[in-house]
>>> print(open('upload-v2.cif').read())   # mmCIF, C-alpha atoms
data_my_file
#
loop_
_atom_site.label_atom_id
_atom_site.label_comp_id
_atom_site.auth_asym_id
_atom_site.auth_seq_id
_atom_site.Cartn_x
_atom_site.Cartn_y
_atom_site.Cartn_z
CA MET A 228 -5.04 -94.50 -5.56
CA ALA A 229 -2.92 -93.76 -8.61
CA GLY A 230 -1.08 -96.36 -10.67
CA GLY A 231 -0.57 -99.04 -8.00
CA GLN A 232 2.46 -97.16 -6.64
CA PRO A 233 3.02 -96.80 -2.89
CA PRO A 234 1.09 -93.83 -1.53
CA LYS A 235 2.89 -90.50 -1.19
CA VAL A 236 -0.04 -88.69 0.44
CA GLY A 237 -2.32 -89.82 3.21
CA VAL A 238 -5.87 -88.46 3.31
CA ILE A 239 -7.29 -89.06 6.76
CA MET A 240 -10.56 -88.10 8.39
CA GLY A 241 -12.24 -88.54 11.74
CA SER A 242 -15.34 -90.24 10.37
CA GLN A 243 -17.20 -91.25 7.22
CA SER A 244 -19.20 -88.02 7.42
CA ASP A 245 -16.00 -86.07 6.56
CA TRP A 246 -15.56 -87.88 3.23
CA PRO A 247 -17.86 -85.61 1.15
CA ILE A 248 -15.38 -82.79 1.81
CA LEU A 249 -12.13 -84.76 1.64
CA GLN A 250 -13.11 -86.56 -1.54
CA HIS A 251 -12.31 -83.28 -3.33
CA ALA A 252 -8.69 -83.63 -2.20
CA ALA A 253 -8.57 -87.28 -3.28
CA GLU A 254 -10.09 -86.50 -6.67
CA LEU A 255 -7.52 -83.77 -7.34
CA LEU A 256 -4.66 -86.05 -6.26
CA GLU A 257 -6.00 -88.64 -8.72
CA LYS A 258 -6.16 -86.03 -11.46
CA PHE A 259 -2.46 -85.29 -10.90
CA GLY A 260 -1.62 -89.00 -10.72
CA VAL A 261 -0.40 -88.77 -7.12
CA PRO A 262 -0.61 -92.10 -5.32
CA HIS A 263 -2.48 -91.68 -2.05
CA GLU A 264 -4.32 -93.59 0.61
CA ARG A 265 -7.59 -92.82 2.39
CA ARG A 266 -8.25 -93.74 5.99
CA ILE A 267 -10.80 -93.09 8.72
CA ILE A 268 -8.88 -92.41 11.90
CA SER A 269 -10.63 -90.85 14.86
CA ALA A 270 -8.38 -89.05 17.34
CA HIS A 271 -10.93 -89.80 20.06
CA ARG A 272 -12.48 -93.15 19.13
CA THR A 273 -9.48 -94.91 17.56
CA PRO A 274 -6.40 -93.42 19.27
CA GLU A 275 -4.26 -96.55 18.80
CA ARG A 276 -5.01 -96.45 15.06
CA LEU A 277 -3.96 -92.79 15.03
CA TYR A 278 -0.70 -93.48 16.89
CA GLU A 279 0.22 -96.31 14.54
CA TYR A 280 -0.67 -94.32 11.43
CA ALA A 281 1.21 -91.16 12.41
CA ARG A 282 4.28 -92.88 13.81
CA THR A 283 4.76 -95.00 10.66
CA ALA A 284 3.82 -92.37 8.07
CA ARG A 285 7.34 -91.49 6.92
CA ASP A 286 8.60 -95.09 7.02
CA ARG A 287 5.65 -96.08 4.79
CA GLY A 288 6.70 -93.46 2.23
CA LEU A 289 4.20 -90.70 2.93
CA ALA A 290 5.50 -87.21 2.15
CA VAL A 291 2.33 -85.33 3.19
CA VAL A 292 -0.74 -86.04 5.30
CA ILE A 293 -4.02 -84.23 4.63
CA ALA A 294 -6.16 -84.46 7.76
CA GLY A 295 -9.79 -83.38 7.87
CA ALA A 296 -11.57 -82.86 11.15
CA GLY A 297 -14.65 -81.17 12.54
CA GLY A 298 -15.75 -79.98 15.95
CA ALA A 299 -12.95 -80.44 18.49
CA ALA A 300 -10.80 -81.25 15.44
CA HIS A 301 -7.86 -82.90 17.21
CA LEU A 302 -6.89 -85.24 14.35
CA PRO A 303 -4.53 -82.88 12.44
CA GLY A 304 -2.71 -81.67 15.56
CA MET A 305 -2.33 -85.09 17.11
CA THR A 306 -1.05 -86.45 13.79
CA ALA A 307 1.47 -83.62 13.51
CA ALA A 308 2.62 -84.25 17.08
CA MET A 309 3.63 -87.81 16.17
CA THR A 310 5.25 -87.42 12.74
CA THR A 311 7.71 -85.17 10.96
CA VAL A 312 5.68 -85.52 7.76
CA PRO A 313 3.97 -82.19 6.93
CA VAL A 314 0.30 -82.18 7.93
CA PHE A 315 -2.22 -80.01 6.08
CA ALA A 316 -5.50 -79.62 7.92
CA VAL A 317 -8.95 -79.19 6.41
CA PRO A 318 -11.55 -77.92 8.88
CA ILE A 319 -14.83 -79.71 8.26
CA PRO A 320 -18.09 -77.72 8.41
CA THR A 321 -20.24 -78.58 11.41
CA ALA A 322 -23.82 -77.84 12.41
CA PHE A 323 -22.51 -75.71 15.24
CA GLY A 324 -20.40 -72.82 13.99
CA ASP A 325 -20.46 -73.86 10.30
CA GLY A 326 -16.87 -75.09 10.59
CA VAL A 327 -15.45 -71.98 12.21
CA ASP A 328 -15.29 -73.99 15.45
CA SER A 329 -13.19 -76.60 13.63
CA LEU A 330 -10.95 -73.93 12.13
CA LEU A 331 -10.32 -72.27 15.48
CA SER A 332 -9.58 -75.61 17.12
CA ILE A 333 -7.01 -76.57 14.46
CA VAL A 334 -5.26 -73.24 14.09
CA GLN A 335 -4.55 -72.95 17.84
CA MET A 336 -1.60 -75.36 17.75
CA PRO A 337 1.20 -74.58 20.19
CA ALA A 338 4.54 -73.35 18.86
CA GLY A 339 6.67 -76.29 17.79
CA ILE A 340 3.90 -78.51 16.38
CA PRO A 341 3.05 -76.95 13.00
CA VAL A 342 -0.13 -77.79 11.13
CA GLY A 343 -0.77 -76.08 7.81
CA THR A 344 -4.39 -75.03 8.15
CA LEU A 345 -6.55 -74.41 5.10
CA ALA A 346 -10.00 -72.96 4.52
CA VAL A 347 -13.12 -74.64 5.87
CA GLY A 348 -14.69 -77.21 3.55
CA LYS A 349 -14.28 -77.94 -0.15
CA ALA A 350 -11.91 -75.04 -0.90
CA GLY A 351 -9.63 -76.19 1.91
CA ALA A 352 -9.64 -79.78 0.64
CA ILE A 353 -8.75 -78.69 -2.88
CA ASN A 354 -5.99 -76.37 -1.65
CA ALA A 355 -4.60 -79.07 0.66
CA ALA A 356 -4.25 -81.37 -2.36
CA LEU A 357 -2.60 -78.60 -4.37
CA LEU A 358 -0.14 -77.95 -1.55
CA ALA A 359 0.64 -81.67 -1.43
CA VAL A 360 1.26 -81.63 -5.18
CA ALA A 361 3.50 -78.56 -4.78
CA VAL A 362 5.54 -80.30 -2.05
CA LEU A 363 5.96 -83.43 -4.17
CA SER A 364 6.79 -81.42 -7.30
CA GLY A 365 10.00 -80.24 -5.62
CA THR A 366 11.56 -83.59 -6.50
CA ASP A 367 9.37 -84.59 -9.46
CA ALA A 368 9.77 -82.54 -12.66
CA GLU A 369 6.83 -84.24 -14.38
CA LEU A 370 4.53 -83.38 -11.49
CA GLU A 371 5.80 -79.81 -11.47
CA GLU A 372 4.92 -79.51 -15.16
CA LYS A 373 1.41 -80.84 -14.46
CA LEU A 374 1.02 -78.25 -11.69
CA ARG A 375 2.20 -75.45 -13.98
CA ALA A 376 -0.25 -76.57 -16.69
CA TRP A 377 -3.09 -76.77 -14.15
CA ARG A 378 -2.38 -73.22 -12.95
CA LYS A 379 -2.16 -71.96 -16.53
CA THR A 380 -5.58 -73.48 -17.24
CA GLN A 381 -6.97 -71.83 -14.11
CA THR A 382 -5.71 -68.46 -15.38
CA GLU A 383 -7.04 -69.01 -18.89
CA ASN A 384 -10.49 -69.89 -17.54
CA VAL A 385 -10.97 -66.48 -15.94
CA ALA A 386 -13.17 -64.34 -18.19
CA HIS A 387 -12.07 -60.84 -19.13
CA GLU A 388 -15.59 -59.47 -18.85
CA PRO A 389 -18.70 -60.58 -17.01
CA ASP A 390 -21.32 -62.56 -18.90
CA ASP A 391 -24.46 -60.44 -19.01
CA GLY A 392 -26.59 -63.46 -19.89
CA ALA A 393 -27.51 -62.11 -23.33
#
>>> encode(input="upload-v2.cif", output="structure tokens")
Amino acid sequence: MAGGQPPKVGVIMGSQSDWPILQHAAELLEKFGVPHERRIISAHRTPERLYEYARTARDRGLAVVIAGAGGAAHLPGMTAAMTTVPVFAVPIPTAFGDGVDSLLSIVQMPAGIPVGTLAVGKAGAINAALLAVAVLSGTDAELEEKLRAWRKTQTENVAHEPDDGA
């Protein structure tokens, strides 16, 4: 969490085993100084916890929820069904299907319950955090400047020519 401020982003996952992927989102939010919370909330094993979390998200000050899930991957969709806070989903790699099963489960949301679905794994977690920062930067000029600087650094770090190892 950043600076002891109330969280603006929720990072939720179905189980502890999802943390190695979602920690990339949390680390990037920390780098940008975005206050966030981290919770384990299983759509199947802790449904009451999910209901309470999703239904109170906006009232608690959350502006975005990043939800990681693998396998049946119901957590992002069920969260989105119970809140008007934008939900960005990160499909978690699984032994079966290497996370494509998770991706297909998440992206098949019915019309009317949107879930922003990212890439499977680490890249998806990083991009979910960047999308959260972009959403928050709409009302935070300092955060927008940090995002612009981050993108500029990304551009500057791309080599003009390949390194031939010599």
>>> closest_residue(input="upload-v2.cif", among="A:Gln250, A:Ser332, A:Ser242, A:Thr306", to="Lys349 in chain A", atoms="only C-alpha atoms")
A:Gln250
>>> closest_residue(input="upload-v2.cif", among="A:Val362, A:Ala300, A:Val334, A:Val327", to="Val347 in chain A", atoms="all atoms listed in the file")
A:Val327
>>> closest_residue(input="upload-v2.cif", among="A:Glu369, A:Glu257, A:Glu264, A:Glu275", to="Arg287 in chain A", atoms="all atoms listed in the file")
A:Glu264
>>> axis_aligned_box(input="upload-v2.cif", around="range 305-322 of chain A", padding_each_side="5 Å", output="AutoDock Vina command-line options")
--center_x -8.1 --center_y -82.8 --center_z 11.6 --size_x 41.5 --size_y 20.1 --size_z 21.0
>>> atom_distance(input="upload-v2.cif", atom1="CA of Ala307 in chain A", atom2="CA of Ile333 in chain A")
11.1 Å
>>> build_atoms(input="upload-v2.cif", residues="range 261-291 of chain A", atoms="N, CA and C atoms", output="PDB file, in the coordinates of the input")
ATOM      1  N   VAL A 261      -1.144 -88.609  -8.376  1.00  0.00           N
ATOM      2  CA  VAL A 261      -0.400 -88.770  -7.120  1.00  0.00           C
ATOM      3  C   VAL A 261      -0.951 -89.953  -6.343  1.00  0.00           C
ATOM      4  N   PRO A 262      -0.132 -90.962  -6.096  1.00  0.00           N
ATOM      5  CA  PRO A 262      -0.610 -92.100  -5.320  1.00  0.00           C
ATOM      6  C   PRO A 262      -0.908 -91.676  -3.880  1.00  0.00           C
ATOM      7  N   HIS A 263      -2.064 -92.092  -3.396  1.00  0.00           N
ATOM      8  CA  HIS A 263      -2.480 -91.680  -2.050  1.00  0.00           C
ATOM      9  C   HIS A 263      -3.320 -92.785  -1.417  1.00  0.00           C
ATOM     10  N   GLU A 264      -3.461 -92.676  -0.118  1.00  0.00           N
ATOM     11  CA  GLU A 264      -4.320 -93.590   0.610  1.00  0.00           C
ATOM     12  C   GLU A 264      -5.375 -92.800   1.356  1.00  0.00           C
ATOM     13  N   ARG A 265      -6.473 -93.448   1.684  1.00  0.00           N
ATOM     14  CA  ARG A 265      -7.590 -92.820   2.390  1.00  0.00           C
ATOM     15  C   ARG A 265      -7.907 -93.661   3.611  1.00  0.00           C
ATOM     16  N   ARG A 266      -7.988 -93.007   4.758  1.00  0.00           N
ATOM     17  CA  ARG A 266      -8.250 -93.740   5.990  1.00  0.00           C
ATOM     18  C   ARG A 266      -9.173 -92.949   6.907  1.00  0.00           C
ATOM     19  N   ILE A 267     -10.008 -93.684   7.636  1.00  0.00           N
ATOM     20  CA  ILE A 267     -10.800 -93.090   8.720  1.00  0.00           C
ATOM     21  C   ILE A 267     -10.046 -93.381  10.003  1.00  0.00           C
ATOM     22  N   ILE A 268      -9.662 -92.308  10.671  1.00  0.00           N
ATOM     23  CA  ILE A 268      -8.880 -92.410  11.900  1.00  0.00           C
ATOM     24  C   ILE A 268      -9.408 -91.350  12.863  1.00  0.00           C
ATOM     25  N   SER A 269     -10.085 -91.784  13.886  1.00  0.00           N
ATOM     26  CA  SER A 269     -10.630 -90.850  14.860  1.00  0.00           C
ATOM     27  C   SER A 269      -9.636 -90.625  15.992  1.00  0.00           C
ATOM     28  N   ALA A 270      -9.289 -89.370  16.240  1.00  0.00           N
ATOM     29  CA  ALA A 270      -8.380 -89.050  17.340  1.00  0.00           C
ATOM     30  C   ALA A 270      -8.962 -89.486  18.676  1.00  0.00           C
ATOM     31  N   HIS A 271     -10.287 -89.488  18.787  1.00  0.00           N
ATOM     32  CA  HIS A 271     -10.930 -89.800  20.060  1.00  0.00           C
ATOM     33  C   HIS A 271     -11.412 -91.241  20.163  1.00  0.00           C
ATOM     34  N   ARG A 272     -11.910 -91.802  19.077  1.00  0.00           N
ATOM     35  CA  ARG A 272     -12.480 -93.150  19.130  1.00  0.00           C
ATOM     36  C   ARG A 272     -11.504 -94.250  18.739  1.00  0.00           C
ATOM     37  N   THR A 273     -10.466 -93.899  17.960  1.00  0.00           N
ATOM     38  CA  THR A 273      -9.480 -94.910  17.560  1.00  0.00           C
ATOM     39  C   THR A 273      -8.058 -94.378  17.797  1.00  0.00           C
ATOM     40  N   PRO A 274      -7.721 -94.021  19.024  1.00  0.00           N
ATOM     41  CA  PRO A 274      -6.400 -93.420  19.270  1.00  0.00           C
ATOM     42  C   PRO A 274      -5.233 -94.342  18.916  1.00  0.00           C
ATOM     43  N   GLU A 275      -5.356 -95.642  19.149  1.00  0.00           N
ATOM     44  CA  GLU A 275      -4.260 -96.550  18.800  1.00  0.00           C
ATOM     45  C   GLU A 275      -4.035 -96.563  17.294  1.00  0.00           C
ATOM     46  N   ARG A 276      -5.109 -96.512  16.523  1.00  0.00           N
ATOM     47  CA  ARG A 276      -5.010 -96.450  15.060  1.00  0.00           C
ATOM     48  C   ARG A 276      -4.277 -95.160  14.655  1.00  0.00           C
ATOM     49  N   LEU A 277      -4.618 -94.066  15.315  1.00  0.00           N
ATOM     50  CA  LEU A 277      -3.960 -92.790  15.030  1.00  0.00           C
ATOM     51  C   LEU A 277      -2.468 -92.875  15.347  1.00  0.00           C
ATOM     52  N   TYR A 278      -2.114 -93.392  16.511  1.00  0.00           N
ATOM     53  CA  TYR A 278      -0.700 -93.480  16.890  1.00  0.00           C
ATOM     54  C   TYR A 278       0.077 -94.291  15.862  1.00  0.00           C
ATOM     55  N   GLU A 279      -0.454 -95.444  15.502  1.00  0.00           N
ATOM     56  CA  GLU A 279       0.220 -96.310  14.540  1.00  0.00           C
ATOM     57  C   GLU A 279       0.375 -95.609  13.182  1.00  0.00           C
ATOM     58  N   TYR A 280      -0.686 -94.991  12.730  1.00  0.00           N
ATOM     59  CA  TYR A 280      -0.670 -94.320  11.430  1.00  0.00           C
ATOM     60  C   TYR A 280       0.378 -93.199  11.406  1.00  0.00           C
ATOM     61  N   ALA A 281       0.320 -92.325  12.392  1.00  0.00           N
ATOM     62  CA  ALA A 281       1.210 -91.160  12.410  1.00  0.00           C
ATOM     63  C   ALA A 281       2.663 -91.571  12.615  1.00  0.00           C
ATOM     64  N   ARG A 282       2.903 -92.488  13.506  1.00  0.00           N
ATOM     65  CA  ARG A 282       4.280 -92.880  13.810  1.00  0.00           C
ATOM     66  C   ARG A 282       4.952 -93.632  12.662  1.00  0.00           C
ATOM     67  N   THR A 283       4.180 -94.247  11.784  1.00  0.00           N
ATOM     68  CA  THR A 283       4.760 -95.000  10.660  1.00  0.00           C
ATOM     69  C   THR A 283       4.651 -94.272   9.331  1.00  0.00           C
ATOM     70  N   ALA A 284       4.097 -93.069   9.328  1.00  0.00           N
ATOM     71  CA  ALA A 284       3.820 -92.370   8.070  1.00  0.00           C
ATOM     72  C   ALA A 284       5.068 -92.222   7.190  1.00  0.00           C
ATOM     73  N   ARG A 285       6.137 -91.705   7.732  1.00  0.00           N
ATOM     74  CA  ARG A 285       7.340 -91.490   6.920  1.00  0.00           C
ATOM     75  C   ARG A 285       7.948 -92.824   6.476  1.00  0.00           C
ATOM     76  N   ASP A 286       8.028 -93.788   7.366  1.00  0.00           N
ATOM     77  CA  ASP A 286       8.600 -95.090   7.020  1.00  0.00           C
ATOM     78  C   ASP A 286       7.802 -95.781   5.916  1.00  0.00           C
ATOM     79  N   ARG A 287       6.499 -95.484   5.836  1.00  0.00           N
ATOM     80  CA  ARG A 287       5.650 -96.080   4.790  1.00  0.00           C
ATOM     81  C   ARG A 287       5.723 -95.293   3.496  1.00  0.00           C
ATOM     82  N   GLY A 288       6.508 -94.214   3.458  1.00  0.00           N
ATOM     83  CA  GLY A 288       6.700 -93.460   2.230  1.00  0.00           C
ATOM     84  C   GLY A 288       5.837 -92.231   2.061  1.00  0.00           C
ATOM     85  N   LEU A 289       5.033 -91.903   3.069  1.00  0.00           N
ATOM     86  CA  LEU A 289       4.200 -90.700   2.930  1.00  0.00           C
ATOM     87  C   LEU A 289       5.075 -89.457   3.016  1.00  0.00           C
ATOM     88  N   ALA A 290       4.791 -88.489   2.150  1.00  0.00           N
ATOM     89  CA  ALA A 290       5.500 -87.210   2.150  1.00  0.00           C
ATOM     90  C   ALA A 290       4.617 -86.098   2.701  1.00  0.00           C
ATOM     91  N   VAL A 291       3.301 -86.316   2.704  1.00  0.00           N
ATOM     92  CA  VAL A 291       2.330 -85.330   3.190  1.00  0.00           C
ATOM     93  C   VAL A 291       1.133 -86.094   3.747  1.00  0.00           C
TER      94      VAL A 291
END
